[in-house]
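The structure appears right after this line, and notes come after that.
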Amino acid sequence: MNDFVKTLLTRRSVRAFKPDPISREDLETLMEAAAYAPSGMNRQTWEFTAVANPEKIQQLAALIREELGREQYDMYRPAALIIPSNRKDSPFGREDNACALENIFLAAHSMGIGSVWINQLQGISDRPAIRKFLTELGIPEDHVVYGMAALGYAAKVSASDVKKTAVRRIVE
């Protein structure tokens with residue numbers, strides 16, 4: 001088994017992070033990996049915003065908690081977030097961002113950084129308090145956020161022997 005396939009098969013979502021920061025260089029590498037994801041008709045209508053400030057991350061978590069009525073929601077207290085955003089008029093925005101997030105998750109795992117998909121901004125990106133905060137982060141007003149990558153070093157290691165049970169078949 002080659003290293004890339006091993007990365008695919010061993011990546012797990014991390015929902016408990018150490019407070020240790022992720023370096024700017026690593027965040028830049030992860031955003032570069034995201035930019036190399038496939039996009040519909042290669043339009044690349046996305047942007048990537050990294051947030052490495054724990055207070056800002058928790059401000060966003062508090063806004064989401066308030067908007068969705070979720071008590072104690074904290075996005076698992078990651079060290080950083082990468083927020084892919086895409087133009088609202090992009091016909092492939094959701095799919096493009098999903099591909100970019102997968103690249104982030106796989107690259108992060110290969111670098112020893114844990115990750116988990118955060119999808120709570122889906123459908124609430126334009127609510128006034130959320131939109132104001134996203135704009136303050138530099139995310140364009142004509143962009144929507146479908147998901148985010150919460151990133152950090154795992155506080156506990158996930159079981160690597162989890163079996164994936166999807167039906168698999170080869171037709172010849």
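To be explicit about the labels: the chains of the structure tokens are called A, B, and onward in the order shown, and within each one the residues are counted from 1, while ligands get numbers from 1 in the order they are shown.
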
Excluding Ser125 in chain A and its own-chain neighbours fewer than 6 positions away, which residues fall within 8 Å of it when counting only C-alpha atoms? Please give them as a ChimeraX atom specification.
/A:131,134,144-145

Contact residues around range 107-111 of chain A with only C-alpha atoms at 12 Å, ignoring same-chain residues under 2 positions, as a PyMOL selection string:
chain A and resi 3-14+22-23+25-37+80-82+100-105+113-116+149-154

Check the DSSP output for the backbone and give back, as a PyMOL selection string, the residues of chain A in strand (DSSP E or B).
chain A and resi 13+17+46-51+80-87+114-118+143-144+148-152+154

So that I can see what lies close to Asp126 in chain A, please list as a PyMOL selection string the residues with an atom at most 10 Å from it, counting only C-alpha atoms and leaving out residues fewer than 2 positions away in the same chain.
chain A and resi 121-124+128-132+134+141-145

From the DSSP assignment of the backbone, select every residue of chain A that is alpha helix (DSSP H), and format the answer as a PyMOL selection string.
chain A and resi 3-10+24-35+54-68+93-110+128-136

Find the distance between CA of Phe92 in chain A and CA of Ala166 in chain A and write it in Å to one decimal.
25.9 Å

Given only C-alpha atoms as the basis, pick out the residue of A:Val171, A:Ile139, A:Ile57, A:Ala50 nearest to Arg77 in chain A.
A:Ile57

Which one is closest to Ala98 in chain A: A:Gly69, A:Gly147, A:Pro19, A:Gly40? Count only C-alpha atoms.
A:Gly147

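As for CA of Ala155 in chain A and CA of Ile64 in chain A, they are spaced 23.7 Å apart.
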
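Proximity of A:Phe133, A:Pro140, A:Gln120, A:Asn2 to Arg70 in chain A, computed with only C-alpha atoms, is greatest for A:Gln120.
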
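Residue nearest Asp96 in chain A, chosen from A:Arg24, A:Gln59, A:Pro84, A:Trp117 and counting only C-alpha atoms: A:Pro84.
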
I'd like the neighbourhood of Lys156 in chain A as a ChimeraX atom specification, where a residue qualifies if any of its atoms comes within 9 Å (using only C-alpha atoms), though same-chain residues fewer than 4 positions away should be ignored.
/A:14-18

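Shortest atom-to-atom contact with Arg43 in chain A among A:Asp89, A:Glu66, A:Asp74, A:Glu172: A:Asp89, counting only C-alpha atoms.
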